[in-house]
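Everything below belongs to work06.pdb, which stores PDB, C-alpha atoms and all ligand atoms.
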```
ATOM      1  CA  MET C 200       0.000   0.000   0.000
ATOM      2  CA  THR C 201       1.522   3.340  -1.023
ATOM      3  CA  ALA C 202       1.571   6.367   1.245
ATOM      4  CA  ASP C 203      -1.035   8.055  -0.986
ATOM      5  CA  THR C 204      -3.510   5.218  -0.762
ATOM      6  CA  LEU C 205      -3.017   4.967   2.990
ATOM      7  CA  GLU C 206      -3.627   8.679   3.285
ATOM      8  CA  ALA C 207      -6.798   8.344   1.228
ATOM      9  CA  LEU C 208      -7.977   5.602   3.568
ATOM     10  CA  ALA C 209      -7.215   7.641   6.662
ATOM     11  CA  ASP C 210      -9.276  10.446   5.192
ATOM     12  CA  VAL C 211     -12.579   8.921   6.286
ATOM     13  CA  GLU C 212     -14.544  11.017   8.688
ATOM     14  CA  ALA C 213     -17.361   9.257  10.486
ATOM     15  CA  ALA C 214     -20.552  11.128   9.648
ATOM     16  CA  THR C 215     -23.422  12.486  11.698
ATOM     17  CA  VAL C 216     -26.820  11.688  10.194
ATOM     18  CA  GLU C 217     -29.826  13.736  11.262
ATOM     19  CA  ILE C 218     -33.305  12.716  10.220
ATOM     20  CA  HIS C 219     -35.807  15.398  10.982
ATOM     21  CA  ASP C 220     -39.578  14.889  10.929
ATOM     22  CA  VAL C 221     -39.523  12.764   7.785
ATOM     23  CA  HIS C 222     -42.887  11.875   6.205
ATOM     24  CA  LYS C 223     -43.156   9.766   3.082
ATOM     25  CA  TRP C 224     -46.225   8.743   1.115
ATOM     26  CA  TYR C 225     -46.633   6.306  -1.748
ATOM     27  CA  GLY C 226     -49.770   7.669  -3.348
ATOM     28  CA  THR C 227     -52.205   7.926  -0.460
ATOM     29  CA  HIS C 228     -50.335   5.301   1.594
ATOM     30  CA  ARG C 229     -48.370   6.968   4.372
ATOM     31  CA  VAL C 230     -45.210   4.912   4.870
ATOM     32  CA  LEU C 231     -43.117   7.176   7.115
ATOM     33  CA  ASN C 232     -45.033   9.166   9.642
ATOM     34  CA  GLY C 233     -42.706  11.678  11.285
ATOM     35  CA  ILE C 234     -39.330  10.052  11.874
ATOM     36  CA  ASP C 235     -36.802  11.928  14.020
ATOM     37  CA  LEU C 236     -33.468  10.245  14.532
ATOM     38  CA  THR C 237     -29.887  11.373  15.050
ATOM     39  CA  VAL C 238     -26.979   9.028  14.434
ATOM     40  CA  ARG C 239     -23.750  10.333  15.908
ATOM     41  CA  PRO C 240     -20.264   9.751  14.452
ATOM     42  CA  GLY C 241     -19.055   6.220  15.033
ATOM     43  CA  GLU C 242     -22.403   5.108  16.436
ATOM     44  CA  VAL C 243     -24.013   1.810  15.456
ATOM     45  CA  THR C 244     -27.782   2.067  15.132
ATOM     46  CA  VAL C 245     -29.852  -1.057  14.579
ATOM     47  CA  ILE C 246     -33.358  -0.621  13.173
ATOM     48  CA  LEU C 247     -35.925  -3.276  13.968
ATOM     49  CA  GLY C 248     -39.534  -3.551  12.935
ATOM     50  CA  PRO C 249     -42.123  -5.755  11.314
ATOM     51  CA  SER C 250     -42.268  -6.267   7.571
ATOM     52  CA  GLY C 251     -43.798  -3.250   5.862
ATOM     53  CA  SER C 252     -43.070  -0.871   8.757
ATOM     54  CA  GLY C 253     -40.962   1.455   6.575
ATOM     55  CA  LYS C 254     -37.392   0.377   7.407
ATOM     56  CA  SER C 255     -36.170   0.092   3.809
ATOM     57  CA  THR C 256     -37.942   3.296   2.865
ATOM     58  CA  LEU C 257     -36.153   5.106   5.683
ATOM     59  CA  LEU C 258     -32.742   3.900   4.441
ATOM     60  CA  ARG C 259     -33.699   4.881   0.901
ATOM     61  CA  VAL C 260     -34.622   8.366   2.076
ATOM     62  CA  ILE C 261     -31.253   8.711   3.841
ATOM     63  CA  ASN C 262     -29.506   7.749   0.599
ATOM     64  CA  HIS C 263     -31.733   9.995  -1.506
ATOM     65  CA  LEU C 264     -33.168   7.110  -3.461
ATOM     66  CA  GLU C 265     -36.545   8.360  -2.222
ATOM     67  CA  LYS C 266     -37.584  11.896  -1.486
ATOM     68  CA  PRO C 267     -39.618  12.692   1.626
ATOM     69  CA  GLU C 268     -42.710  14.852   1.151
ATOM     70  CA  ILE C 269     -42.000  16.515   4.473
ATOM     71  CA  GLY C 270     -38.849  16.706   6.531
ATOM     72  CA  TYR C 271     -35.212  16.389   5.706
ATOM     73  CA  VAL C 272     -32.074  14.400   6.242
ATOM     74  CA  SER C 273     -28.700  15.987   6.768
ATOM     75  CA  ILE C 274     -25.276  14.400   6.617
ATOM     76  CA  ASN C 275     -22.671  16.335   8.604
ATOM     77  CA  GLY C 276     -25.043  19.284   8.692
ATOM     78  CA  GLU C 277     -25.501  19.389   4.920
ATOM     79  CA  LEU C 278     -29.022  18.881   3.710
ATOM     80  CA  ILE C 279     -29.934  15.861   1.708
ATOM     81  CA  GLY C 280     -33.551  15.569   0.721
ATOM     82  CA  VAL C 281     -36.021  18.361   0.920
ATOM     83  CA  LYS C 282     -37.166  20.783   3.513
ATOM     84  CA  ARG C 283     -40.700  22.003   3.139
ATOM     85  CA  GLN C 284     -41.696  25.372   4.463
ATOM     86  CA  GLY C 285     -44.904  25.615   6.392
ATOM     87  CA  ASP C 286     -46.556  22.908   8.412
ATOM     88  CA  ARG C 287     -49.718  21.161   7.270
ATOM     89  CA  ARG C 288     -48.950  17.599   8.246
ATOM     90  CA  GLU C 289     -51.749  17.371  10.818
ATOM     91  CA  THR C 290     -54.284  17.005   8.014
ATOM     92  CA  GLY C 291     -52.934  13.505   7.372
ATOM     93  CA  VAL C 292     -53.266  13.715   3.613
ATOM     94  CA  PRO C 293     -50.444  13.742   1.077
ATOM     95  CA  PRO C 294     -48.954  17.142   0.399
ATOM     96  CA  ALA C 295     -50.394  18.643  -2.751
ATOM     97  CA  GLU C 296     -49.272  21.327  -5.150
ATOM     98  CA  GLY C 297     -49.046  24.699  -3.529
ATOM     99  CA  TRP C 298     -48.298  23.450  -0.031
ATOM    100  CA  GLY C 299     -45.047  25.299   0.029
ATOM    101  CA  ARG C 300     -41.790  25.518  -1.754
ATOM    102  CA  LEU C 301     -39.478  22.555  -1.722
ATOM    103  CA  LYS C 302     -35.786  23.128  -1.397
ATOM    104  CA  GLU C 303     -34.567  20.809  -4.112
ATOM    105  CA  LEU C 304     -30.972  19.694  -4.220
ATOM    106  CA  SER C 305     -29.243  19.695  -7.585
ATOM    107  CA  GLU C 306     -28.428  16.309  -9.118
ATOM    108  CA  ARG C 307     -24.785  17.123  -8.587
ATOM    109  CA  ALA C 308     -25.252  17.826  -4.866
ATOM    110  CA  ILE C 309     -27.208  14.588  -4.523
ATOM    111  CA  LEU C 310     -24.424  12.586  -6.163
ATOM    112  CA  THR C 311     -21.809  14.227  -3.963
ATOM    113  CA  GLN C 312     -23.806  13.402  -0.859
ATOM    114  CA  ARG C 313     -24.571   9.875  -1.962
ATOM    115  CA  ALA C 314     -20.863   9.197  -2.513
ATOM    116  CA  ARG C 315     -20.406   9.693   1.241
ATOM    117  CA  ILE C 316     -22.946   7.000   2.033
ATOM    118  CA  GLY C 317     -22.326   3.292   1.578
ATOM    119  CA  PHE C 318     -25.353   1.080   0.924
ATOM    120  CA  VAL C 319     -25.332  -2.692   1.316
ATOM    121  CA  PHE C 320     -28.438  -4.454   0.013
ATOM    122  CA  GLN C 321     -30.102  -7.708   0.943
ATOM    123  CA  ASN C 322     -29.337  -9.183  -2.479
ATOM    124  CA  PHE C 323     -25.725  -7.967  -2.834
ATOM    125  CA  ASN C 324     -26.332  -6.190  -6.194
ATOM    126  CA  LEU C 325     -22.823  -6.832  -7.511
ATOM    127  CA  PHE C 326     -21.982  -6.168 -11.154
ATOM    128  CA  PRO C 327     -22.198  -9.701 -12.629
ATOM    129  CA  HIS C 328     -19.903  -9.000 -15.574
ATOM    130  CA  LEU C 329     -17.036  -7.597 -13.449
ATOM    131  CA  THR C 330     -14.494  -9.507 -11.403
ATOM    132  CA  VAL C 331     -14.543  -9.165  -7.646
ATOM    133  CA  LEU C 332     -11.569  -6.806  -7.823
ATOM    134  CA  ASP C 333     -13.218  -4.599 -10.452
ATOM    135  CA  ASN C 334     -16.510  -4.579  -8.532
ATOM    136  CA  VAL C 335     -14.681  -3.002  -5.605
ATOM    137  CA  ALA C 336     -12.455  -0.686  -7.673
ATOM    138  CA  ALA C 337     -15.189   0.604 -10.013
ATOM    139  CA  ALA C 338     -16.772   3.370  -7.942
ATOM    140  CA  PRO C 339     -13.628   5.238  -6.833
ATOM    141  CA  VAL C 340     -12.544   5.367 -10.504
ATOM    142  CA  ALA C 341     -15.994   6.332 -11.843
ATOM    143  CA  THR C 342     -16.322   9.158  -9.329
ATOM    144  CA  GLY C 343     -12.810  10.404 -10.018
ATOM    145  CA  LYS C 344     -11.671   9.829  -6.435
ATOM    146  CA  LEU C 345      -8.766   7.580  -7.411
ATOM    147  CA  GLY C 346      -6.862   6.646 -10.537
ATOM    148  CA  LYS C 347      -7.170   3.054 -11.729
ATOM    149  CA  PRO C 348      -3.898   1.760 -10.185
ATOM    150  CA  GLU C 349      -4.676   3.308  -6.788
ATOM    151  CA  ALA C 350      -8.255   2.024  -6.908
ATOM    152  CA  LEU C 351      -7.044  -1.506  -7.634
ATOM    153  CA  GLU C 352      -4.578  -1.281  -4.782
ATOM    154  CA  LEU C 353      -7.291  -0.075  -2.423
ATOM    155  CA  ALA C 354      -9.649  -2.820  -3.648
ATOM    156  CA  ARG C 355      -7.021  -5.486  -2.880
ATOM    157  CA  GLU C 356      -6.552  -4.035   0.593
ATOM    158  CA  LEU C 357     -10.308  -3.993   1.267
ATOM    159  CA  LEU C 358     -10.838  -7.515  -0.058
ATOM    160  CA  ASP C 359      -8.081  -8.658   2.261
ATOM    161  CA  ARG C 360      -9.907  -6.951   5.123
ATOM    162  CA  VAL C 361     -13.119  -8.892   4.404
ATOM    163  CA  GLY C 362     -11.179 -12.164   4.052
ATOM    164  CA  LEU C 363     -11.371 -12.497   0.263
ATOM    165  CA  ALA C 364      -7.791 -11.786  -0.845
ATOM    166  CA  ASP C 365      -7.813 -15.066  -2.787
ATOM    167  CA  LYS C 366     -10.985 -14.232  -4.767
ATOM    168  CA  THR C 367      -9.940 -11.056  -6.592
ATOM    169  CA  GLY C 368     -10.163 -12.664 -10.047
ATOM    170  CA  ALA C 369     -13.455 -14.489  -9.486
ATOM    171  CA  TYR C 370     -16.830 -13.397 -10.858
ATOM    172  CA  PRO C 371     -19.790 -12.937  -8.468
ATOM    173  CA  ARG C 372     -21.589 -16.080  -9.732
ATOM    174  CA  GLN C 373     -18.596 -18.160  -8.651
ATOM    175  CA  LEU C 374     -18.960 -17.054  -5.019
ATOM    176  CA  SER C 375     -21.254 -18.107  -2.189
ATOM    177  CA  GLY C 376     -23.850 -15.631  -0.956
ATOM    178  CA  GLY C 377     -21.745 -14.867   2.095
ATOM    179  CA  GLN C 378     -18.705 -14.152  -0.053
ATOM    180  CA  GLN C 379     -20.761 -11.965  -2.407
ATOM    181  CA  GLN C 380     -22.058  -9.956   0.502
ATOM    182  CA  ARG C 381     -18.515  -9.467   1.797
ATOM    183  CA  VAL C 382     -17.528  -8.159  -1.665
ATOM    184  CA  ALA C 383     -20.506  -5.794  -1.481
ATOM    185  CA  ILE C 384     -19.241  -4.504   1.872
ATOM    186  CA  ALA C 385     -15.723  -4.005   0.458
ATOM    187  CA  ARG C 386     -17.307  -2.154  -2.464
ATOM    188  CA  ALA C 387     -19.197   0.138  -0.091
ATOM    189  CA  LEU C 388     -15.964   0.816   1.815
ATOM    190  CA  ALA C 389     -14.098   1.743  -1.373
ATOM    191  CA  LEU C 390     -15.828   5.129  -1.475
ATOM    192  CA  ARG C 391     -14.616   5.739   2.075
ATOM    193  CA  PRO C 392     -18.121   6.576   3.232
ATOM    194  CA  GLY C 393     -18.862   8.494   6.404
ATOM    195  CA  VAL C 394     -21.794   6.193   7.060
ATOM    196  CA  ILE C 395     -22.805   2.761   5.788
ATOM    197  CA  LEU C 396     -26.433   1.670   5.564
ATOM    198  CA  PHE C 397     -27.225  -2.055   5.639
ATOM    199  CA  ASP C 398     -30.669  -3.300   4.590
ATOM    200  CA  GLU C 399     -31.118  -6.816   5.988
ATOM    201  CA  PRO C 400     -27.606  -7.824   4.882
ATOM    202  CA  THR C 401     -27.964 -11.452   5.962
ATOM    203  CA  SER C 402     -31.626 -12.143   5.142
ATOM    204  CA  ALA C 403     -30.886 -13.739   1.770
ATOM    205  CA  LEU C 404     -28.146 -16.015   3.122
ATOM    206  CA  ASP C 405     -28.193 -19.657   4.096
ATOM    207  CA  PRO C 406     -27.923 -19.852   7.898
ATOM    208  CA  GLU C 407     -24.368 -21.193   7.878
ATOM    209  CA  LEU C 408     -23.161 -18.139   5.911
ATOM    210  CA  VAL C 409     -24.682 -15.487   8.184
ATOM    211  CA  GLY C 410     -21.814 -15.526  10.697
ATOM    212  CA  GLU C 411     -19.050 -14.607   8.256
ATOM    213  CA  VAL C 412     -20.951 -11.509   7.119
ATOM    214  CA  LEU C 413     -21.857 -10.438  10.657
ATOM    215  CA  ALA C 414     -18.172 -10.812  11.612
ATOM    216  CA  VAL C 415     -17.181  -8.320   8.897
ATOM    217  CA  ILE C 416     -19.879  -5.855   9.993
ATOM    218  CA  LYS C 417     -18.727  -6.235  13.582
ATOM    219  CA  ASP C 418     -15.174  -5.397  12.491
ATOM    220  CA  LEU C 419     -16.500  -2.153  10.967
ATOM    221  CA  ALA C 420     -18.556  -1.405  14.066
ATOM    222  CA  THR C 421     -15.532  -1.629  16.323
ATOM    223  CA  SER C 422     -13.375   0.474  14.002
ATOM    224  CA  GLY C 423     -15.500   3.598  14.411
ATOM    225  CA  THR C 424     -17.507   3.709  11.187
ATOM    226  CA  THR C 425     -21.019   5.135  11.528
ATOM    227  CA  LEU C 426     -23.420   2.271  10.749
ATOM    228  CA  VAL C 427     -27.185   2.041  10.347
ATOM    229  CA  ILE C 428     -28.283  -1.578  10.119
ATOM    230  CA  VAL C 429     -31.725  -3.016   9.459
ATOM    231  CA  THR C 430     -31.640  -6.605  10.685
ATOM    232  CA  HIS C 431     -33.682  -9.255  12.426
ATOM    233  CA  GLU C 432     -30.549 -10.706  14.067
ATOM    234  CA  ILE C 433     -31.423  -9.777  17.642
ATOM    235  CA  GLY C 434     -28.366 -11.410  19.229
ATOM    236  CA  PHE C 435     -26.117  -9.487  16.872
ATOM    237  CA  ALA C 436     -27.971  -6.249  17.630
ATOM    238  CA  ARG C 437     -27.468  -6.803  21.344
ATOM    239  CA  GLU C 438     -23.761  -7.333  20.760
ATOM    240  CA  ILE C 439     -22.916  -4.376  18.526
ATOM    241  CA  ALA C 440     -25.656  -1.734  18.700
ATOM    242  CA  ASP C 441     -25.146   1.492  20.585
ATOM    243  CA  ARG C 442     -28.796   2.117  19.952
ATOM    244  CA  VAL C 443     -31.753   0.040  18.885
ATOM    245  CA  VAL C 444     -34.675   1.742  17.170
ATOM    246  CA  PHE C 445     -37.998  -0.080  16.895
ATOM    247  CA  ILE C 446     -40.236   1.126  14.053
ATOM    248  CA  ASP C 447     -43.860   0.205  13.478
ATOM    249  CA  GLY C 448     -46.319   1.814  11.071
ATOM    250  CA  GLY C 449     -43.760   4.367   9.899
ATOM    251  CA  LYS C 450     -43.156   5.701  13.408
ATOM    252  CA  ILE C 451     -40.427   5.155  15.984
ATOM    253  CA  VAL C 452     -42.170   3.313  18.809
ATOM    254  CA  GLU C 453     -39.143   3.264  21.085
ATOM    255  CA  GLN C 454     -35.385   3.610  20.973
ATOM    256  CA  GLY C 455     -32.508   3.226  23.374
ATOM    257  CA  PRO C 456     -29.574   0.999  24.252
ATOM    258  CA  PRO C 457     -30.069  -2.732  23.610
ATOM    259  CA  SER C 458     -30.235  -3.347  27.353
ATOM    260  CA  GLU C 459     -33.446  -1.323  27.419
ATOM    261  CA  VAL C 460     -35.202  -1.878  24.095
ATOM    262  CA  LEU C 461     -34.332  -5.575  23.754
ATOM    263  CA  ASP C 462     -34.311  -6.649  27.383
ATOM    264  CA  LYS C 463     -36.873  -4.309  28.940
ATOM    265  CA  PRO C 464     -39.121  -3.084  26.111
ATOM    266  CA  ARG C 465     -41.637  -0.550  27.346
ATOM    267  CA  HIS C 466     -44.187  -0.906  24.577
ATOM    268  CA  GLU C 467     -46.532  -3.757  23.863
ATOM    269  CA  ARG C 468     -45.793  -3.624  20.129
ATOM    270  CA  THR C 469     -42.054  -3.982  20.769
ATOM    271  CA  ARG C 470     -42.646  -6.924  23.113
ATOM    272  CA  ASP C 471     -44.933  -8.537  20.577
ATOM    273  CA  PHE C 472     -42.372  -8.141  17.777
ATOM    274  CA  LEU C 473     -39.490  -9.456  19.886
ATOM    275  CA  SER C 474     -41.498 -12.475  20.978
ATOM    276  CA  LYS C 475     -41.911 -13.366  17.287
ATOM    277  CA  VAL C 476     -38.298 -12.958  16.175
ATOM    278  CA  LEU C 477     -36.423 -14.209  19.233
TER     279      LEU C 477
HETATM  280  P1  LIG C 501     -39.902  -2.696   5.431
HETATM  281  O1  LIG C 501     -38.544  -2.520   4.860
HETATM  282  O2  LIG C 501     -39.999  -2.293   6.869
HETATM  283  O3  LIG C 501     -40.433  -4.081   5.230
HETATM  284  P2  LIG C 501     -40.725  -0.882   3.327
HETATM  285  O4  LIG C 501     -40.057   0.412   3.640
HETATM  286  O5  LIG C 501     -40.121  -1.712   2.266
HETATM  287  O6  LIG C 501     -40.910  -1.720   4.675
HETATM  288  O7  LIG C 501     -42.234  -0.631   2.899
HETATM  289  C1  LIG C 501     -43.129   0.081   3.710
HETATM  290  C2  LIG C 501     -44.480   0.132   3.028
HETATM  291  O8  LIG C 501     -44.375   0.882   1.829
HETATM  292  C3  LIG C 501     -45.021  -1.222   2.642
HETATM  293  O9  LIG C 501     -46.420  -1.200   2.852
HETATM  294  C4  LIG C 501     -44.710  -1.314   1.162
HETATM  295  O10 LIG C 501     -45.652  -2.127   0.520
HETATM  296  C5  LIG C 501     -44.819   0.121   0.719
HETATM  297  N1  LIG C 501     -43.916   0.428  -0.407
HETATM  298  C6  LIG C 501     -42.576   0.293  -0.407
HETATM  299  N2  LIG C 501     -42.046   0.718  -1.566
HETATM  300  C7  LIG C 501     -43.090   1.131  -2.334
HETATM  301  C8  LIG C 501     -43.204   1.695  -3.642
HETATM  302  N3  LIG C 501     -42.126   1.931  -4.408
HETATM  303  N4  LIG C 501     -44.446   2.004  -4.077
HETATM  304  C9  LIG C 501     -45.532   1.801  -3.310
HETATM  305  N5  LIG C 501     -45.495   1.296  -2.064
HETATM  306  C10 LIG C 501     -44.302   0.954  -1.574
HETATM  307 MG    MG C 502     -37.211  -3.829   3.962
END
```
Mind converting the file's structure to structure tokens?
Amino acid sequence: MTADTLEALADVEAATVEIHDVHKWYGTHRVLNGIDLTVRPGEVTVILGPSGSGKSTLLRVINHLEKPEIGYVSINGELIGVKRQGDRRETGVPPAEGWGRLKELSERAILTQRARIGFVFQNFNLFPHLTVLDNVAAAPVATGKLGKPEALELARELLDRVGLADKTGAYPRQLSGGQQQRVAIARALALRPGVILFDEPTSALDPELVGEVLAVIKDLATSGTTLVIVTHEIGFAREIADRVVFIDGGKIVEQGPPSEVLDKPRHERTRDFLSKVL
């Protein structure tokens, strides 16, 4: 690893993510119903909730893959998403034309922000036609962050970190699900993100492959990266989360350290959910 690449790696600054009063509708279906959440630098936040409660939508709003009708998300104090003037949310109907002016971010600003956020999906989403090494090196080159040789060097380093140094020349289809997900994590790390979002990263895996992926996420958690993880792995949440957030019906029902939310839940809905997944 050259001094330059090492310097580029050291450049990562753990991000603060602030989610302020986010409301999201699909048509007339209200999916997020006033989410307020702050994730501090280096903190690991685990999001729990029943299917359909809005967990994926929340991650997609943070990454600007979805736009909230009300509310905003900021990364390190910089807005991502929209901030609506005025306050009409009590009516409970979707915002219509003329409700107020939206502060739209330019496409360029969105791309800049998104490059600071890593996203790891349930189904890996690797590029099937690229080798493992090129999957990891692609984004830093495409975004102009690194030249090709430096990006390849960084990719080798990251693949070594996730235990796949011997798979650089393989194609995704030649790997197990657990290995593919570890490549996806290395790929997310290649942009040196300030925060990484995980959407059920082990849900698509055979049970015997879950552990190797959780071990890599745990390594990130202990190295000070800001992480937001949607998972049903309660034992894992207890082990690594600084904070557990339980969402139901697009609202945060309760949040706190695992010792409170998981071991002494205050709300019936949380107890009910935990009794089903534990
Ligand atoms: P979760 O990840 O907690 O299972 P989601 O955020 O995926 O929940 O979905 C929340 C709700 O929004 C669900 O009722 C889902 O059917 C609905 N939904 C999600 N995405 C869309 C979409 N693109 N269009 C319409 N409805 C959607
Ligand atoms: Mg989901």
Starting from the shown file, work through the PyMOL selection byres (((chain C and resi 240) around 6) and not hetatm) and note down what comes out as a list in words.
->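 Taken on the displayed file, the PyMOL selection byres (((chain C and resi 240) around 6) and not hetatm) yields the residues Ala213, Ala214, Thr215, Arg239, Gly241, Glu242 and Thr425 of chain C.
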Residues from the last selection, C-alpha atoms, saved as a PDB file, in the coordinates of the input:
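Saved result, part-v3.pdb, follows:
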```pdb
ATOM      1  CA  ALA C 213     -17.361   9.257  10.486  1.00  0.00           C
ATOM      2  CA  ALA C 214     -20.552  11.128   9.648  1.00  0.00           C
ATOM      3  CA  THR C 215     -23.422  12.486  11.698  1.00  0.00           C
ATOM      4  CA  ARG C 239     -23.750  10.333  15.908  1.00  0.00           C
ATOM      5  CA  GLY C 241     -19.055   6.220  15.033  1.00  0.00           C
ATOM      6  CA  GLU C 242     -22.403   5.108  16.436  1.00  0.00           C
ATOM      7  CA  THR C 425     -21.019   5.135  11.528  1.00  0.00           C
TER       8      THR C 425
END
```
Distance filter 9 Å around ligand LIG 501 (chain C), atoms: all atoms listed in the file, out as an mmCIF file with C-alpha atoms, keeping the file's coordinate frame:
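Result file pocket.cif:
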```
data_model
loop_
_atom_site.group_PDB
_atom_site.id
_atom_site.type_symbol
_atom_site.label_atom_id
_atom_site.label_comp_id
_atom_site.auth_asym_id
_atom_site.auth_seq_id
_atom_site.Cartn_x
_atom_site.Cartn_y
_atom_site.Cartn_z
ATOM 1 C CA TRP C 224 -46.225 8.743 1.115
ATOM 2 C CA TYR C 225 -46.633 6.306 -1.748
ATOM 3 C CA GLY C 226 -49.770 7.669 -3.348
ATOM 4 C CA HIS C 228 -50.335 5.301 1.594
ATOM 5 C CA ARG C 229 -48.370 6.968 4.372
ATOM 6 C CA VAL C 230 -45.210 4.912 4.870
ATOM 7 C CA LEU C 231 -43.117 7.176 7.115
ATOM 8 C CA LEU C 247 -35.925 -3.276 13.968
ATOM 9 C CA GLY C 248 -39.534 -3.551 12.935
ATOM 10 C CA PRO C 249 -42.123 -5.755 11.314
ATOM 11 C CA SER C 250 -42.268 -6.267 7.571
ATOM 12 C CA GLY C 251 -43.798 -3.250 5.862
ATOM 13 C CA SER C 252 -43.070 -0.871 8.757
ATOM 14 C CA GLY C 253 -40.962 1.455 6.575
ATOM 15 C CA LYS C 254 -37.392 0.377 7.407
ATOM 16 C CA SER C 255 -36.170 0.092 3.809
ATOM 17 C CA THR C 256 -37.942 3.296 2.865
ATOM 18 C CA LEU C 257 -36.153 5.106 5.683
ATOM 19 C CA LEU C 258 -32.742 3.900 4.441
ATOM 20 C CA ARG C 259 -33.699 4.881 0.901
ATOM 21 C CA GLU C 265 -36.545 8.360 -2.222
ATOM 22 C CA ASP C 398 -30.669 -3.300 4.590
ATOM 23 C CA GLU C 399 -31.118 -6.816 5.988
ATOM 24 C CA VAL C 429 -31.725 -3.016 9.459
ATOM 25 C CA ILE C 446 -40.236 1.126 14.053
ATOM 26 C CA ASP C 447 -43.860 0.205 13.478
ATOM 27 C CA GLY C 448 -46.319 1.814 11.071
ATOM 28 C CA GLY C 449 -43.760 4.367 9.899
#
```
Give as a ChimeraX atom specification the residues that the PyMOL selection byres (((chain C and resi 270-278) around 10) and not hetatm) matches when applied to the coordinates above.
-> /C:212-223,233-240,260-263,266-269,279-284,302-304,308-309,312-313,315-316,393-394
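Here CA of Thr311 (chain C) and CA of Asp418 (chain C) stand 26.5 Å from one another.
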Residues selected by the PyMOL selection byres (((chain C and resi 442) around 6) and not hetatm), written as a PyMOL selection string = chain C and resi 244+440-441+443+455-456
Coordinates-based distance that separates CA of Leu325 (chain C) from CA of Gln379 (chain C) (Å, one decimal) |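 Atom-to-atom, CA of Gln379 (chain C) and CA of Leu325 (chain C) are spaced 7.5 Å apart.
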Near-Lys366 (chain C) list (12 Å; all atoms listed in the file; drop same-chain fewer than 6 positions) as a ChimeraX atom specification | /C:330-335,354-355,357-359,372-375,378-379,381-382
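Using all atoms listed in the file, the residues found no farther than 12 Å from Leu404 (chain C), other than those of its own chain fewer than 5 positions away, are C:Phe320, C:Gln321, C:Asn322, C:Phe323, C:Ser375, C:Gly376, C:Gly377, C:Gln378, C:Gln379, C:Gln380, C:Arg381, C:Glu399, C:Val409, C:Gly410, C:Glu411, C:Val412, C:Leu413.
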Which one is closest to ligand MG 502 (chain C): C:Ser305, C:Thr367, C:Ser402, C:Thr227? Count only C-alpha atoms and all ligand atoms.
->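 The closest residue to ligand MG 502 (chain C) is C:Ser402.
The shortest atom-to-atom distance to Ala337 (chain C), with only C-alpha atoms taken into account, belongs to C:Leu388 out of C:Leu388, C:Val361, C:Ala369, C:Leu264.
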So for region 316-329 of chain C, what box centre and size do we get, axis-aligned, 6 Å extra on each of the six sides, every listed atom, Å to one decimal, as AutoDock Vina command-line options?
```
--center_x -23.6 --center_y -1.4 --center_z -6.8 --size_x 25.1 --size_y 28.7 --size_z 29.6
```
Compare C:Arg470, C:Glu352, C:Glu407, C:Val460 by their minimum atom-to-atom distance to Arg437 (chain C), counting only C-alpha atoms, and give me the closest one.
->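 Residue with the minimum atom-to-atom distance to Arg437 (chain C): C:Val460.
CA of Ile428 (chain C) is found 9.4 Å from CA of Ile416 (chain C).
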Would you please work out which residue, of C:Val340, C:Ala350, C:Ala403, C:Ala389, is nearest to ligand MG 502 (chain C) when using all atoms listed in the file?
-> C:Ala403
Can you work out which one of C:Ser422, C:Thr430, C:Asn324, C:Thr342 has the shortest atom-to-atom distance to ligand MG 502 (chain C), counting only C-alpha atoms and all ligand atoms?
->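 Looking at the shortest contact to ligand MG 502 (chain C), the residue is C:Thr430.
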Using all atoms listed in the file, which of C:Lys347, C:Arg386, C:His431, C:Arg360 sits nearest ligand MG 502 (chain C)?
->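 Closest candidate: C:His431.
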What's the 7 Å shell around Val444 (chain C), counting all atoms listed in the file, without same-chain residues fewer than 6 positions away, as a ChimeraX atom specification?
-> /C:245-247,451,453-455
Please rebuild region 349-356 of chain C with N, CA and C atoms and give the result as a PDB file, keeping the file's coordinate frame.
```pdb
ATOM      1  N   GLU C 349      -4.431   3.104  -8.219  1.00  0.00           N
ATOM      2  CA  GLU C 349      -4.676   3.308  -6.788  1.00  0.00           C
ATOM      3  C   GLU C 349      -5.954   2.600  -6.362  1.00  0.00           C
ATOM      4  N   ALA C 350      -6.971   2.666  -7.233  1.00  0.00           N
ATOM      5  CA  ALA C 350      -8.255   2.024  -6.908  1.00  0.00           C
ATOM      6  C   ALA C 350      -8.085   0.509  -6.793  1.00  0.00           C
ATOM      7  N   LEU C 351      -7.274  -0.061  -7.696  1.00  0.00           N
ATOM      8  CA  LEU C 351      -7.044  -1.506  -7.634  1.00  0.00           C
ATOM      9  C   LEU C 351      -6.278  -1.882  -6.366  1.00  0.00           C
ATOM     10  N   GLU C 352      -5.363  -1.035  -5.993  1.00  0.00           N
ATOM     11  CA  GLU C 352      -4.578  -1.281  -4.782  1.00  0.00           C
ATOM     12  C   GLU C 352      -5.490  -1.220  -3.544  1.00  0.00           C
ATOM     13  N   LEU C 353      -6.343  -0.211  -3.533  1.00  0.00           N
ATOM     14  CA  LEU C 353      -7.291  -0.075  -2.423  1.00  0.00           C
ATOM     15  C   LEU C 353      -8.241  -1.274  -2.387  1.00  0.00           C
ATOM     16  N   ALA C 354      -8.715  -1.692  -3.573  1.00  0.00           N
ATOM     17  CA  ALA C 354      -9.649  -2.820  -3.648  1.00  0.00           C
ATOM     18  C   ALA C 354      -8.997  -4.083  -3.087  1.00  0.00           C
ATOM     19  N   ARG C 355      -7.726  -4.306  -3.421  1.00  0.00           N
ATOM     20  CA  ARG C 355      -7.021  -5.486  -2.880  1.00  0.00           C
ATOM     21  C   ARG C 355      -6.960  -5.432  -1.359  1.00  0.00           C
ATOM     22  N   GLU C 356      -6.652  -4.241  -0.862  1.00  0.00           N
ATOM     23  CA  GLU C 356      -6.552  -4.035   0.593  1.00  0.00           C
ATOM     24  C   GLU C 356      -7.910  -4.320   1.274  1.00  0.00           C
TER      25      GLU C 356
END
```
